[in-house]
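Chemist: What follows is model06.txt, compact mmCIF, C-alpha atoms (C1' of nucleotides).
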# COMPACT_ATOMS: atom_id res chain seq x y z
CA MET A 1 73.45 105.65 91.46
CA ALA A 2 74.49 108.21 94.03
CA ALA A 3 74.80 111.88 93.21
CA SER A 4 78.57 111.75 93.30
CA GLY A 5 80.29 114.93 92.24
CA LYS A 6 77.39 116.97 93.55
CA ARG A 7 77.30 116.23 97.20
CA PRO A 8 80.80 116.03 98.67
CA ARG A 9 81.92 112.84 100.27
CA ASP A 10 81.66 113.00 104.03
CA PRO A 11 85.13 113.83 105.28
CA PHE A 12 84.48 112.63 108.81
CA PRO A 13 85.19 108.96 109.34
CA ARG A 14 82.30 107.07 110.84
CA ARG A 15 82.44 105.85 114.36
CA GLY A 16 83.59 102.29 114.41
CA HIS A 17 85.22 102.50 110.99
CA ASP A 18 88.13 100.15 110.36
CA HIS A 19 90.85 102.49 111.49
CA ALA A 20 93.58 99.93 110.97
CA ARG A 21 92.97 100.43 107.28
CA CYS A 22 93.48 104.19 107.63
CA VAL A 23 96.82 103.58 109.31
CA ALA A 24 97.94 100.89 106.90
CA GLY A 25 97.01 103.02 103.92
CA ALA A 26 98.87 106.02 105.29
CA LEU A 27 102.02 104.02 105.97
CA THR A 28 101.94 102.46 102.53
CA ALA A 29 101.44 105.82 100.87
CA ALA A 30 104.25 107.32 102.93
CA ALA A 31 106.64 104.57 101.94
CA ALA A 32 105.78 105.22 98.31
CA VAL A 33 106.31 108.97 98.61
CA CYS A 34 109.66 108.52 100.30
CA ALA A 35 110.82 105.91 97.83
CA ARG A 36 109.92 108.15 94.91
CA ARG A 37 111.84 111.05 96.43
CA GLY A 38 114.83 109.07 97.58
CA GLU A 39 114.11 109.88 101.21
CA GLN A 40 114.37 107.50 104.12
CA LEU A 41 111.28 106.52 106.00
CA THR A 42 113.32 105.41 108.97
CA PRO A 43 111.83 103.33 111.79
CA LEU A 44 111.57 106.44 113.94
CA ARG A 45 109.82 108.48 111.26
CA ARG A 46 107.55 105.62 110.45
CA ARG A 47 106.67 105.14 114.08
CA VAL A 48 105.93 108.85 114.56
CA LEU A 49 103.73 108.80 111.49
CA GLU A 50 101.93 105.79 112.88
CA LEU A 51 101.41 107.58 116.19
CA VAL A 52 100.05 110.67 114.44
CA TRP A 53 97.67 108.33 112.68
CA SER A 54 96.69 106.59 115.90
CA SER A 55 93.44 108.51 115.62
CA HIS A 56 91.80 111.24 113.56
CA GLN A 57 92.29 113.65 116.42
CA PRO A 58 95.33 115.90 116.13
CA ILE A 59 98.05 114.87 118.54
CA GLY A 60 100.58 117.09 120.28
CA ALA A 61 104.32 116.64 120.02
CA TYR A 62 104.65 115.79 123.67
CA ALA A 63 101.94 113.16 123.51
CA ILE A 64 103.93 111.56 120.72
CA LEU A 65 107.02 111.84 122.88
CA ASP A 66 105.30 110.01 125.72
CA LYS A 67 104.24 107.20 123.42
CA LEU A 68 107.75 106.84 122.02
CA ARG A 69 109.05 106.51 125.54
CA ALA A 70 106.33 103.97 126.28
CA ASP A 71 107.82 101.99 123.40
CA GLY A 72 110.97 101.83 125.50
CA ARG A 73 112.76 104.11 123.09
CA SER A 74 115.10 106.88 124.16
CA ALA A 75 113.47 110.12 123.10
CA ALA A 76 113.65 113.85 123.76
CA PRO A 77 111.69 116.73 122.25
CA PRO A 78 114.03 117.15 119.26
CA THR A 79 113.54 113.49 118.44
CA VAL A 80 109.88 114.16 117.88
CA TYR A 81 110.13 117.58 116.30
CA ARG A 82 112.67 116.41 113.75
CA ALA A 83 110.51 113.52 112.70
CA LEU A 84 107.48 115.81 112.49
CA GLU A 85 109.46 118.31 110.43
CA PHE A 86 110.37 115.56 107.99
CA LEU A 87 106.80 114.34 107.71
CA LEU A 88 105.52 117.89 107.22
CA ALA A 89 108.12 118.60 104.55
CA HIS A 90 106.94 115.62 102.56
CA GLY A 91 103.26 116.34 103.00
CA LEU A 92 102.60 113.26 105.07
CA ILE A 93 101.11 115.15 107.99
CA HIS A 94 99.58 118.56 108.62
CA ARG A 95 100.06 120.93 111.49
CA ILE A 96 96.88 122.33 113.05
CA GLU A 97 97.91 125.80 114.15
CA SER A 98 94.95 126.45 116.36
CA LEU A 99 95.68 123.32 118.38
CA ASN A 100 99.48 123.15 118.26
CA ALA A 101 99.03 119.60 117.10
CA PHE A 102 99.47 117.31 114.13
CA VAL A 103 97.23 115.10 112.07
CA GLY A 104 97.84 112.66 109.25
CA CYS A 105 97.41 113.87 105.70
CA ALA A 106 94.58 112.05 104.02
CA GLN A 107 95.82 112.51 100.48
CA PRO A 108 99.55 113.18 100.19
CA GLY A 109 100.30 114.72 96.85
CA PRO A 110 100.96 117.93 94.96
CA ASP A 111 98.50 120.82 94.56
CA HIS A 112 97.03 119.92 97.86
CA LEU A 113 95.28 123.01 99.21
CA VAL A 114 93.09 122.00 102.08
CA GLN A 115 90.82 123.19 104.82
CA PHE A 116 90.21 121.53 108.15
CA LEU A 117 86.93 120.95 109.89
CA ILE A 118 87.63 120.41 113.57
CA CYS A 119 84.93 119.03 115.80
CA THR A 120 84.94 120.65 119.21
CA LYS A 121 83.09 117.69 120.70
CA CYS A 122 84.93 114.60 119.49
CA GLY A 123 88.15 116.36 118.52
CA THR A 124 88.29 114.87 115.05
CA ALA A 125 89.95 116.98 112.38
CA ALA A 126 88.70 116.27 108.87
CA GLU A 127 90.62 117.35 105.83
CA VAL A 128 88.60 118.96 103.08
CA GLU A 129 89.71 120.05 99.65
CA ASP A 130 87.04 122.39 98.34
CA ARG A 131 88.08 124.14 95.16
CA ARG A 132 85.47 126.85 95.53
CA VAL A 133 86.99 127.84 98.86
CA THR A 134 90.52 127.71 97.50
CA GLU A 135 89.52 129.80 94.53
CA ALA A 136 87.57 132.36 96.51
CA ILE A 137 90.58 132.87 98.74
CA GLY A 138 92.93 133.06 95.78
CA ARG A 139 90.78 135.73 94.14
CA SER A 140 90.43 137.68 97.37
CA ALA A 141 94.18 137.78 97.85
CA ALA A 142 94.92 138.60 94.22
CA GLU A 143 92.48 141.49 94.17
CA ARG A 144 94.33 142.99 97.09
CA GLY A 145 97.71 142.67 95.48
CA PHE A 146 98.76 139.94 97.89
CA ALA A 147 101.13 137.24 96.62
CA LEU A 148 99.62 134.27 98.38
CA ALA A 149 101.96 131.55 99.56
CA GLY A 150 100.58 129.80 102.62
CA ARG A 151 97.06 129.00 103.76
CA VAL A 152 95.85 128.18 107.26
CA ILE A 153 92.15 127.41 107.18
CA GLU A 154 90.85 125.79 110.33
CA LEU A 155 87.14 125.69 110.98
CA SER A 156 85.71 124.58 114.28
CA GLY A 157 82.24 123.37 115.10
CA LEU A 158 80.27 120.17 115.42
CA CYS A 159 80.85 117.32 113.02
CA ILE A 160 78.10 115.34 111.41
CA ASN A 161 78.52 112.51 113.88
CA CYS A 162 78.38 114.68 116.98
CA ARG A 163 75.63 117.10 116.00
CA ASP A 164 73.28 114.17 115.52
CA ASP A 165 73.95 112.90 119.00
CA ARG A 166 70.95 112.81 121.22
CA PRO A 167 71.61 114.42 124.57
CA ARG A 168 72.04 111.85 127.29
CA ALA A 169 69.33 113.00 129.73
CA GLY A 170 66.68 114.90 127.86
CA ALA A 171 68.56 118.19 127.77
CA ARG A 172 68.48 120.42 124.72
CA SER A 173 71.14 119.76 122.13
CA VAL A 174 74.35 121.70 122.10
CA VAL A 175 74.64 124.68 119.77
CA MET B 1 85.68 158.24 89.42
CA ALA B 2 87.27 155.21 91.00
CA ALA B 3 85.81 151.75 90.58
CA SER B 4 84.78 151.59 94.19
CA GLY B 5 82.70 148.57 95.08
CA LYS B 6 84.48 146.57 92.44
CA ARG B 7 88.05 146.63 93.50
CA PRO B 8 88.42 146.13 97.26
CA ARG B 9 90.07 148.76 99.33
CA ASP B 10 93.69 147.95 100.04
CA PRO B 11 93.76 146.45 103.51
CA PHE B 12 97.48 147.06 104.00
CA PRO B 13 98.28 150.44 105.50
CA ARG B 14 100.77 152.42 103.48
CA ARG B 15 104.24 152.94 104.73
CA GLY B 16 104.46 156.24 106.50
CA HIS B 17 100.73 156.42 107.17
CA ASP B 18 99.67 158.38 110.21
CA HIS B 19 99.66 155.53 112.63
CA ALA B 20 98.75 157.70 115.58
CA ARG B 21 95.34 158.00 113.99
CA CYS B 22 95.02 154.19 113.85
CA VAL B 23 95.77 154.01 117.57
CA ALA B 24 93.54 156.89 118.53
CA GLY B 25 90.66 155.51 116.49
CA ALA B 26 91.03 152.07 118.05
CA LEU B 27 91.09 153.44 121.58
CA THR B 28 88.06 155.60 120.94
CA ALA B 29 86.15 152.71 119.41
CA ALA B 30 87.13 150.47 122.33
CA ALA B 31 85.89 152.99 124.86
CA ALA B 32 82.59 153.15 123.01
CA VAL B 33 82.22 149.37 122.90
CA CYS B 34 82.96 149.01 126.60
CA ALA B 35 80.65 151.84 127.58
CA ARG B 36 77.82 150.33 125.57
CA ARG B 37 78.32 146.95 127.24
CA GLY B 38 78.84 148.24 130.74
CA GLU B 39 82.40 146.88 130.81
CA GLN B 40 85.40 148.65 132.23
CA LEU B 41 88.20 149.69 129.94
CA THR B 42 90.61 149.94 132.83
CA PRO B 43 93.99 151.66 132.51
CA LEU B 44 95.67 148.26 132.21
CA ARG B 45 93.33 147.00 129.50
CA ARG B 46 93.59 150.28 127.68
CA ARG B 47 97.37 150.18 127.83
CA VAL B 48 97.50 146.59 126.56
CA LEU B 49 95.19 147.51 123.70
CA GLU B 50 97.43 150.46 122.90
CA LEU B 51 100.47 148.17 122.92
CA VAL B 52 98.76 145.70 120.61
CA TRP B 53 98.08 148.64 118.33
CA SER B 54 101.65 149.89 118.53
CA SER B 55 102.02 148.55 115.00
CA HIS B 56 100.15 146.50 112.43
CA GLN B 57 102.39 143.56 113.16
CA PRO B 58 100.96 140.98 115.55
CA ILE B 59 102.64 141.15 118.94
CA GLY B 60 103.27 138.30 121.36
CA ALA B 61 102.03 138.25 124.93
CA TYR B 62 105.54 138.35 126.32
CA ALA B 63 106.51 141.33 124.21
CA ILE B 64 103.52 143.11 125.71
CA LEU B 65 104.68 142.00 129.12
CA ASP B 66 108.12 143.51 128.52
CA LYS B 67 106.60 146.81 127.49
CA LEU B 68 104.36 146.90 130.53
CA ARG B 69 107.40 146.39 132.71
CA ALA B 70 109.20 149.11 130.79
CA ASP B 71 106.34 151.36 131.86
CA GLY B 72 107.47 150.68 135.40
CA ARG B 73 104.37 148.65 136.08
CA SER B 74 104.34 145.43 138.05
CA ALA B 75 103.35 142.71 135.63
CA ALA B 76 103.40 138.94 135.26
CA PRO B 77 102.08 136.69 132.48
CA PRO B 78 98.53 136.50 133.88
CA THR B 79 98.41 140.29 133.89
CA VAL B 80 98.82 140.25 130.14
CA TYR B 81 96.75 137.18 129.36
CA ARG B 82 93.80 138.43 131.35
CA ALA B 83 93.79 141.74 129.57
CA LEU B 84 94.13 139.98 126.21
CA GLU B 85 91.28 137.66 127.10
CA PHE B 86 89.08 140.65 127.87
CA LEU B 87 89.98 142.39 124.63
CA LEU B 88 89.38 139.21 122.63
CA ALA B 89 86.02 138.64 124.30
CA HIS B 90 84.87 142.08 123.23
CA GLY B 91 86.20 141.82 119.70
CA LEU B 92 88.79 144.53 120.18
CA ILE B 93 91.72 142.37 119.14
CA HIS B 94 92.27 139.17 117.21
CA ARG B 95 94.55 136.26 117.94
CA ILE B 96 96.70 135.09 115.06
CA GLU B 97 96.98 131.36 115.66
CA SER B 98 99.83 130.74 113.27
CA LEU B 99 101.98 133.32 115.07
CA ASN B 100 100.83 132.96 118.67
CA ALA B 101 100.35 136.69 118.62
CA PHE B 102 97.70 139.39 118.73
CA VAL B 103 96.67 142.23 116.49
CA GLY B 104 94.17 145.03 116.81
CA CYS B 105 90.74 144.57 115.29
CA ALA B 106 90.19 147.03 112.51
CA GLN B 107 86.40 147.08 112.75
CA PRO B 108 85.01 145.94 116.07
CA GLY B 109 81.41 144.93 115.69
CA PRO B 110 78.99 142.07 115.21
CA ASP B 111 78.89 139.72 112.22
CA HIS B 112 82.57 140.19 111.82
CA LEU B 113 83.91 137.20 109.91
CA VAL B 114 87.39 137.98 108.75
CA GLN B 115 90.45 136.62 107.06
CA PHE B 116 94.03 137.72 107.64
CA LEU B 117 96.68 138.43 105.05
CA ILE B 118 100.05 138.18 106.75
CA CYS B 119 103.12 139.49 105.00
CA THR B 120 106.14 137.30 105.56
CA LYS B 121 108.47 140.17 104.74
CA CYS B 122 107.23 143.13 106.77
CA GLY B 123 105.18 141.13 109.26
CA THR B 124 102.04 143.20 108.79
CA ALA B 125 98.74 141.40 109.31
CA ALA B 126 95.87 142.91 107.37
CA GLU B 127 92.28 142.14 108.23
CA VAL B 128 90.02 141.36 105.30
CA GLU B 129 86.29 140.78 105.28
CA ASP B 130 85.48 139.12 101.98
CA ARG B 131 81.92 137.87 101.87
CA ARG B 132 82.63 135.52 98.97
CA VAL B 133 85.23 133.74 101.07
CA THR B 134 82.98 133.61 104.10
CA GLU B 135 80.12 132.27 102.01
CA ALA B 136 82.20 129.68 100.19
CA ILE B 137 83.41 128.36 103.52
CA GLY B 138 79.93 128.41 104.96
CA ARG B 139 78.59 126.40 102.02
CA SER B 140 81.48 123.96 102.15
CA ALA B 141 80.88 123.26 105.82
CA ALA B 142 77.10 123.04 105.45
CA GLU B 143 77.33 120.56 102.60
CA ARG B 144 79.38 118.30 104.80
CA GLY B 145 76.97 118.43 107.68
CA PHE B 146 79.33 120.51 109.78
CA ALA B 147 77.84 123.04 112.20
CA LEU B 148 80.34 125.83 111.75
CA ALA B 149 81.19 127.93 114.79
CA GLY B 150 84.75 129.27 114.57
CA ARG B 151 86.91 130.32 111.64
CA VAL B 152 90.68 130.62 111.55
CA ILE B 153 91.74 131.90 108.14
CA GLU B 154 95.32 133.08 107.99
CA LEU B 155 96.99 133.58 104.65
CA SER B 156 100.69 134.26 104.34
CA GLY B 157 102.61 135.78 101.46
CA LEU B 158 103.90 139.12 100.26
CA CYS B 159 101.85 142.25 100.74
CA ILE B 160 101.36 144.87 98.09
CA ASN B 161 103.98 147.11 99.65
CA CYS B 162 106.67 144.44 99.88
CA ARG B 163 106.17 142.66 96.58
CA ASP B 164 106.78 145.94 94.77
CA ASP B 165 110.07 146.47 96.54
CA ARG B 166 113.05 146.61 94.30
CA PRO B 167 115.89 144.45 95.52
CA ARG B 168 118.61 146.50 97.09
CA ALA B 169 121.65 145.43 95.05
CA GLY B 170 120.52 144.19 91.68
CA ALA B 171 119.58 140.72 92.91
CA ARG B 172 116.48 138.96 91.65
CA SER B 173 113.32 139.65 93.54
CA VAL B 174 112.13 137.36 96.25
CA VAL B 175 109.48 134.81 95.40
C1' DT C 1 136.69 96.96 102.05
C1' DA C 2 138.48 100.89 104.26
C1' DG C 3 137.83 105.80 104.13
C1' DT C 4 135.08 109.62 104.14
C1' DA C 5 131.16 112.58 103.75
C1' DT C 6 126.47 113.16 104.88
C1' DA C 7 122.27 112.16 107.07
C1' DA C 8 119.99 110.80 111.11
C1' DT C 9 119.61 110.48 115.85
C1' DG C 10 121.02 111.20 120.84
C1' DT C 11 121.62 114.45 124.56
C1' DT C 12 121.60 118.56 127.34
C1' DA C 13 120.07 122.89 127.99
C1' DT C 14 117.16 126.66 127.35
C1' DA C 15 113.70 129.70 125.10
C1' DG C 16 108.95 130.80 124.36
C1' DT C 17 103.86 130.37 125.33
C1' DA C 18 100.05 129.75 128.58
C1' DT C 19 97.36 128.80 132.79
C1' DA C 20 96.27 127.18 137.74
C1' DA C 21 95.68 128.68 142.26
C1' DC C 22 95.31 131.83 145.67
C1' DG C 23 95.90 136.46 147.84
C1' DT C 24 95.03 141.54 147.65
C1' DT C 25 93.08 145.72 146.04
C1' DT C 26 89.53 148.43 143.97
C1' DA C 27 84.91 150.02 142.71
C1' DG C 28 80.17 150.09 143.21
C1' DC C 29 76.21 149.72 146.08
C1' DG C 30 72.89 148.85 149.93
C1' DC D 1 80.30 151.84 156.76
C1' DG D 2 80.42 147.24 155.36
C1' DC D 3 79.43 143.98 151.80
C1' DT D 4 80.12 141.94 147.25
C1' DA D 5 82.09 141.23 142.90
C1' DA D 6 85.40 142.44 139.65
C1' DA D 7 90.03 143.39 138.65
C1' DC D 8 94.64 142.82 139.56
C1' DG D 9 98.99 140.93 142.00
C1' DT D 10 101.90 137.02 142.88
C1' DT D 11 103.90 132.50 142.78
C1' DA D 12 104.34 128.41 140.70
C1' DT D 13 104.01 125.31 137.05
C1' DA D 14 102.56 123.20 132.61
C1' DC D 15 102.99 123.08 127.82
C1' DT D 16 105.35 123.97 123.30
C1' DA D 17 109.57 124.47 120.64
C1' DT D 18 114.45 125.01 119.33
C1' DA D 19 119.68 125.77 119.86
C1' DA D 20 123.91 123.53 120.11
C1' DC D 21 126.82 119.91 120.09
C1' DA D 22 127.93 114.70 120.37
C1' DT D 23 127.33 110.24 118.48
C1' DT D 24 125.79 106.73 115.29
C1' DA D 25 124.27 105.02 110.92
C1' DT D 26 124.24 105.14 105.90
C1' DA D 27 125.96 105.52 101.46
C1' DC D 28 129.22 106.55 98.26
C1' DT D 29 133.81 106.16 96.40
C1' DA D 30 138.33 104.94 95.78
How does the structure come out when it is put into structure tokens?
Modeler:
Amino acid sequence: MAASGKRPRDPFPRRGHDHARCVAGALTAAAAVCARRGEQLTPLRRRVLELVWSSHQPIGAYAILDKLRADGRSAAPPTVYRALEFLLAHGLIHRIESLNAFVGCAQPGPDHLVQFLICTKCGTAAEVEDRRVTEAIGRSAAERGFALAGRVIELSGLCINCRDDRPRAGARSVV
Amino acid sequence: MAASGKRPRDPFPRRGHDHARCVAGALTAAAAVCARRGEQLTPLRRRVLELVWSSHQPIGAYAILDKLRADGRSAAPPTVYRALEFLLAHGLIHRIESLNAFVGCAQPGPDHLVQFLICTKCGTAAEVEDRRVTEAIGRSAAERGFALAGRVIELSGLCINCRDDRPRAGARSVV
DNA sequence: TAGTATAATGTTATAGTATAACGTTTAGCG
DNA sequence: CGCTAAACGTTATACTATAACATTATACTA
């Protein structure tokens, strides 16, 4: 039996994982969230969500716009930003401030205080929910008399997949 | 005797503090840093640093640009961005990702891993260096096999000055 | 089912943020 | 003095985001 609960589950999807399942799961979860809240997951919103989920790398609004147009759909910036605003409001995606880009939310739900690990090599942004981090930040703010409301925690570096990469031509590994 | 060492020093400057001292201290410290590194704190760079320090609220690049032009100086966006890049490189200012804006660094120096508390009412961004937060994040990343390099930690809410404000006309206080 | 209110989307225009590319000036140094 | 590198000027453009208003779709009600 694995030491679950001790060592955190790896938040970075493996290369070659079945990404179609990620997408399908996200769309199913989104439909459920919207149904429960009486909100409409319209074709446009659903399509934008699907595009955000097209990979685990955060995607910019204008890249989404291009893909919508490639669908043959009429689209302008507000088309995209409104859909993104809806998806953000319902916790279906996250905005990565340091990249001006968006990524799918791995676990839509309440009490969802997360951190992001963003690989500077492969671009993947992994969502982490570490209570010790959340609590340390909560205590730090409280001790300073700060009424904490919003948290932007974006950590960059090399993910577990990329740091293990062997350099291609005998060079030293990247720091 | 105060419980110093237990309760952290309030990172938010008081209203009506002597801000000229903040500015003067920052400029002096910057001159020292540049001298030590053999870098030039040119009049332009010095002026941009002074403008960033014109308050404790993060300032945007184009607001700086406007003020430079108000000085009568010829200036274009690259003028500002190059100076900001220099100041960032030497740890004299920080970029606040969630605001696309810049704020003076309170304590230029090495091993400077900080968090920001950003008041949504008065706009002040306070720099905090809480080792427990830094360490919790470091552990979280390490446990997930992530080689941590950069940290963006920006917390929004109400600062100690603003949360104590009494509403102006008997209304309930802001949450 | 027609009427009406609201939500969603379309459309045009513009604001705000950032950098590429190249030319000119300045400062230090042999 | 003349060279070199750094800093700065200048023009153009790319990227990100929203305001404002028109149109269409949806849902509720009478």
Chemist: I'm after chain B in the frame of chain A: fit it by least squares over all Cα atoms matched in order, and give me the output as a compact mmCIF listing (two decimals) with C-alpha atoms, in the frame of the given file.
Modeler:
# COMPACT_ATOMS: atom_id res chain seq x y z
CA MET B 1 72.38 106.11 91.78
CA ALA B 2 73.86 108.54 94.25
CA ALA B 3 74.36 112.19 93.39
CA SER B 4 78.10 111.81 93.36
CA GLY B 5 79.96 114.87 92.16
CA LYS B 6 77.24 117.06 93.54
CA ARG B 7 77.23 116.31 97.19
CA PRO B 8 80.76 116.05 98.59
CA ARG B 9 81.89 112.88 100.21
CA ASP B 10 81.66 113.04 103.97
CA PRO B 11 85.14 113.84 105.20
CA PHE B 12 84.47 112.64 108.74
CA PRO B 13 85.19 108.96 109.27
CA ARG B 14 82.29 107.07 110.76
CA ARG B 15 82.42 105.86 114.27
CA GLY B 16 83.57 102.29 114.33
CA HIS B 17 85.23 102.50 110.93
CA ASP B 18 88.14 100.17 110.34
CA HIS B 19 90.84 102.49 111.46
CA ALA B 20 93.59 99.95 110.95
CA ARG B 21 93.00 100.43 107.26
CA CYS B 22 93.50 104.20 107.61
CA VAL B 23 96.84 103.58 109.31
CA ALA B 24 97.97 100.91 106.91
CA GLY B 25 97.04 103.03 103.91
CA ALA B 26 98.91 106.03 105.28
CA LEU B 27 102.05 104.03 105.99
CA THR B 28 101.99 102.46 102.55
CA ALA B 29 101.48 105.82 100.88
CA ALA B 30 104.30 107.32 102.96
CA ALA B 31 106.69 104.57 101.97
CA ALA B 32 105.84 105.21 98.34
CA VAL B 33 106.38 108.96 98.65
CA CYS B 34 109.73 108.52 100.36
CA ALA B 35 110.91 105.90 97.90
CA ARG B 36 110.02 108.13 94.97
CA ARG B 37 111.94 111.04 96.49
CA GLY B 38 114.93 109.06 97.64
CA GLU B 39 114.19 109.88 101.29
CA GLN B 40 114.44 107.48 104.18
CA LEU B 41 111.33 106.51 106.06
CA THR B 42 113.35 105.40 109.04
CA PRO B 43 111.85 103.32 111.85
CA LEU B 44 111.58 106.45 113.99
CA ARG B 45 109.85 108.51 111.31
CA ARG B 46 107.58 105.62 110.50
CA ARG B 47 106.67 105.17 114.14
CA VAL B 48 105.94 108.88 114.60
CA LEU B 49 103.75 108.84 111.51
CA GLU B 50 101.93 105.81 112.89
CA LEU B 51 101.42 107.62 116.20
CA VAL B 52 100.06 110.69 114.44
CA TRP B 53 97.67 108.35 112.68
CA SER B 54 96.68 106.60 115.89
CA SER B 55 93.42 108.51 115.59
CA HIS B 56 91.80 111.25 113.53
CA GLN B 57 92.28 113.66 116.38
CA PRO B 58 95.31 115.92 116.10
CA ILE B 59 98.03 114.89 118.53
CA GLY B 60 100.56 117.13 120.27
CA ALA B 61 104.30 116.68 120.01
CA TYR B 62 104.62 115.84 123.68
CA ALA B 63 101.92 113.20 123.52
CA ILE B 64 103.93 111.60 120.73
CA LEU B 65 107.00 111.88 122.91
CA ASP B 66 105.24 110.06 125.74
CA LYS B 67 104.22 107.25 123.43
CA LEU B 68 107.73 106.90 122.07
CA ARG B 69 109.01 106.57 125.60
CA ALA B 70 106.29 104.04 126.32
CA ASP B 71 107.79 102.04 123.47
CA GLY B 72 110.93 101.89 125.57
CA ARG B 73 112.74 104.16 123.17
CA SER B 74 115.08 106.93 124.23
CA ALA B 75 113.45 110.16 123.17
CA ALA B 76 113.62 113.89 123.82
CA PRO B 77 111.67 116.78 122.27
CA PRO B 78 114.03 117.19 119.29
CA THR B 79 113.53 113.52 118.48
CA VAL B 80 109.87 114.20 117.92
CA TYR B 81 110.15 117.62 116.32
CA ARG B 82 112.69 116.43 113.80
CA ALA B 83 110.53 113.55 112.73
CA LEU B 84 107.50 115.84 112.52
CA GLU B 85 109.48 118.32 110.46
CA PHE B 86 110.40 115.57 108.02
CA LEU B 87 106.83 114.36 107.73
CA LEU B 88 105.55 117.91 107.24
CA ALA B 89 108.16 118.61 104.57
CA HIS B 90 106.98 115.63 102.58
CA GLY B 91 103.30 116.36 102.99
CA LEU B 92 102.63 113.27 105.08
CA ILE B 93 101.13 115.17 107.99
CA HIS B 94 99.60 118.56 108.61
CA ARG B 95 100.06 120.95 111.49
CA ILE B 96 96.89 122.33 113.01
CA GLU B 97 97.91 125.81 114.11
CA SER B 98 94.93 126.46 116.32
CA LEU B 99 95.66 123.32 118.35
CA ASN B 100 99.45 123.16 118.24
CA ALA B 101 99.01 119.61 117.09
CA PHE B 102 99.48 117.32 114.11
CA VAL B 103 97.24 115.12 112.04
CA GLY B 104 97.85 112.68 109.24
CA CYS B 105 97.44 113.88 105.68
CA ALA B 106 94.61 112.08 104.00
CA GLN B 107 95.90 112.51 100.45
CA PRO B 108 99.60 113.19 100.18
CA GLY B 109 100.40 114.74 96.85
CA PRO B 110 101.03 117.94 94.96
CA ASP B 111 98.56 120.80 94.53
CA HIS B 112 97.07 119.91 97.84
CA LEU B 113 95.31 122.99 99.17
CA VAL B 114 93.12 121.97 102.03
CA GLN B 115 90.84 123.19 104.76
CA PHE B 116 90.23 121.52 108.10
CA LEU B 117 86.92 120.95 109.83
CA ILE B 118 87.62 120.41 113.51
CA CYS B 119 84.91 119.04 115.74
CA THR B 120 84.90 120.66 119.15
CA LYS B 121 83.06 117.70 120.63
CA CYS B 122 84.91 114.61 119.43
CA GLY B 123 88.14 116.37 118.48
CA THR B 124 88.28 114.88 115.00
CA ALA B 125 89.96 116.98 112.33
CA ALA B 126 88.71 116.27 108.83
CA GLU B 127 90.65 117.35 105.78
CA VAL B 128 88.62 118.97 103.03
CA GLU B 129 89.74 120.05 99.59
CA ASP B 130 87.07 122.39 98.29
CA ARG B 131 88.15 124.11 95.11
CA ARG B 132 85.53 126.84 95.47
CA VAL B 133 87.04 127.83 98.80
CA THR B 134 90.57 127.70 97.46
CA GLU B 135 89.59 129.78 94.46
CA ALA B 136 87.64 132.36 96.44
CA ILE B 137 90.65 132.85 98.68
CA GLY B 138 92.99 133.01 95.74
CA ARG B 139 90.86 135.70 94.08
CA SER B 140 90.52 137.65 97.30
CA ALA B 141 94.27 137.73 97.80
CA ALA B 142 95.01 138.53 94.16
CA GLU B 143 92.60 141.45 94.10
CA ARG B 144 94.43 142.95 97.02
CA GLY B 145 97.82 142.62 95.44
CA PHE B 146 98.85 139.88 97.84
CA ALA B 147 101.21 137.17 96.58
CA LEU B 148 99.68 134.20 98.33
CA ALA B 149 102.03 131.47 99.52
CA GLY B 150 100.62 129.72 102.60
CA ARG B 151 97.08 128.95 103.72
CA VAL B 152 95.89 128.16 107.22
CA ILE B 153 92.18 127.40 107.12
CA GLU B 154 90.86 125.79 110.27
CA LEU B 155 87.15 125.70 110.91
CA SER B 156 85.71 124.59 114.22
CA GLY B 157 82.22 123.38 115.03
CA LEU B 158 80.24 120.18 115.34
CA CYS B 159 80.83 117.33 112.94
CA ILE B 160 78.08 115.34 111.32
CA ASN B 161 78.50 112.51 113.80
CA CYS B 162 78.34 114.70 116.90
CA ARG B 163 75.61 117.11 115.91
CA ASP B 164 73.25 114.18 115.43
CA ASP B 165 73.93 112.88 118.91
CA ARG B 166 70.94 112.75 121.14
CA PRO B 167 71.61 114.24 124.54
CA ARG B 168 72.04 111.58 127.15
CA ALA B 169 69.40 112.58 129.71
CA GLY B 170 66.69 114.57 128.01
CA ALA B 171 68.62 117.85 128.06
CA ARG B 172 68.55 120.22 125.12
CA SER B 173 71.14 119.63 122.47
CA VAL B 174 74.37 121.51 122.45
CA VAL B 175 74.67 124.52 120.19
Chemist: Give me the residues within 10 Å of range 129-133 of chain A as a list of chain:residue names, counting all atoms listed in the file and dropping any in the same chain fewer than 4 places off.
Modeler: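 The residues that qualify are A:Pro8, A:Pro11, A:Gln107, A:His112, A:Leu113, A:Val114, A:Gln115, A:Phe116, A:Ile137, A:Gly138, A:Arg139, A:Ile153, B:Arg132, B:Val133, B:Thr134, B:Glu135, B:Ala136, B:Ile137, B:Gly138, B:Arg139, B:Ser140, B:Ala141.
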Chemist: Quick check, in Å to one decimal: how far apart do C1' of DT10 in chain D and C1' of DA27 in chain C lie?
Modeler: 21.4 Å
Chemist: Restrict the calculation to only C-alpha atoms (C1' of nucleotides), then for each residue of chain B with any atom at most 10 Å from an atom of chain C give the closest atom pair and their distance in Å to one decimal, rows by chain and rising residue number, as JSON lines.
Modeler:
{"residue": "B:Gly60", "atom": "CA", "partner": "C:DT17", "partner_atom": "C1'", "distance": 8.9}
{"residue": "B:Ala61", "atom": "CA", "partner": "C:DT17", "partner_atom": "C1'", "distance": 8.1}
{"residue": "B:Tyr62", "atom": "CA", "partner": "C:DT17", "partner_atom": "C1'", "distance": 8.2}
{"residue": "B:Pro77", "atom": "CA", "partner": "C:DA18", "partner_atom": "C1'", "distance": 8.2}
{"residue": "B:Pro78", "atom": "CA", "partner": "C:DT19", "partner_atom": "C1'", "distance": 7.9}
{"residue": "B:Tyr81", "atom": "CA", "partner": "C:DA18", "partner_atom": "C1'", "distance": 8.2}
{"residue": "B:Asn100", "atom": "CA", "partner": "C:DT17", "partner_atom": "C1'", "distance": 7.8}
{"residue": "B:Ala101", "atom": "CA", "partner": "C:DT17", "partner_atom": "C1'", "distance": 9.9}
